[in-house]
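Read the structure below first, then the notes.
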Amino acid sequence: MTMILNKRRKIILSIIGLILLLPIIGMQFSNEVNWSGFDFIIAGLLLSTIGLAVELLFQFTKNNTQRFLFLGIILILGFLVWAEMAVGIFGSPFAGS
């Protein structure tokens, strides 16, 4: 059981790292991608929170139907928070403007 958890955690952390590489690569080729260190910290925290939620989901649910339902909910909520922080789709103060 411990091997599965470690492997899953490594996969989740690898995916987070790959996602955070995308803006680094984008900054090399375009002036429109302009992330500061703070942006990377916030994105890393958000992605880590989503990754932790997914890890907990897989630990505590055994039914695949429930897993897919809750995984979809976690990913949609994560995307909505990301979009709000990026462009302020809801106009909340959370968007930073």
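Chain labels follow the order of the structure tokens: the first chain is A, the next B, and so on; residue numbering restarts at 1 in every chain, and ligands are counted from 1 in their shown order.
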
Contacts of region 17-20 of chain A within 12 Å, only C-alpha atoms, excl. fewer than 2 positions in-chain, as a list in words: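 The filter keeps Lys10, Ile11, Ile12, Leu13, Ser14, Ile15, Leu22, Pro23, Ile24, Ile25, Gly26, Met27, Trp35, Gly37, Asp39, Phe40, Ile41, Ile42, Ala43, Gly44, Leu45, Leu46, Leu47, Ser48 and Gly51 of chain A.
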
Distance criterion (only C-alpha atoms): nearest to Thr49 (chain A) out of A:Ile73, A:Gln28, A:Gly78, A:Phe68: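 Among A:Ile73, A:Gln28, A:Gly78, A:Phe68, it is A:Gly78 that comes nearest to Thr49 (chain A).
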
Expected answer as a PyMOL selection string: helix (DSSP H, G or I) residues in chain A: chain A and resi 2-29+37-60+64-87+93-95

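Across A:Ile16, A:Asn31, A:Val54, A:Phe94, the tightest approach to Leu71 (chain A) is made by A:Val54 when counting only C-alpha atoms.
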
Counting only C-alpha atoms, the residue of A:Ile76, A:Gln59, A:Phe70, A:Pro93 that sits nearest Arg9 (chain A):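 Closest residue, counting only C-alpha atoms: A:Gln59.
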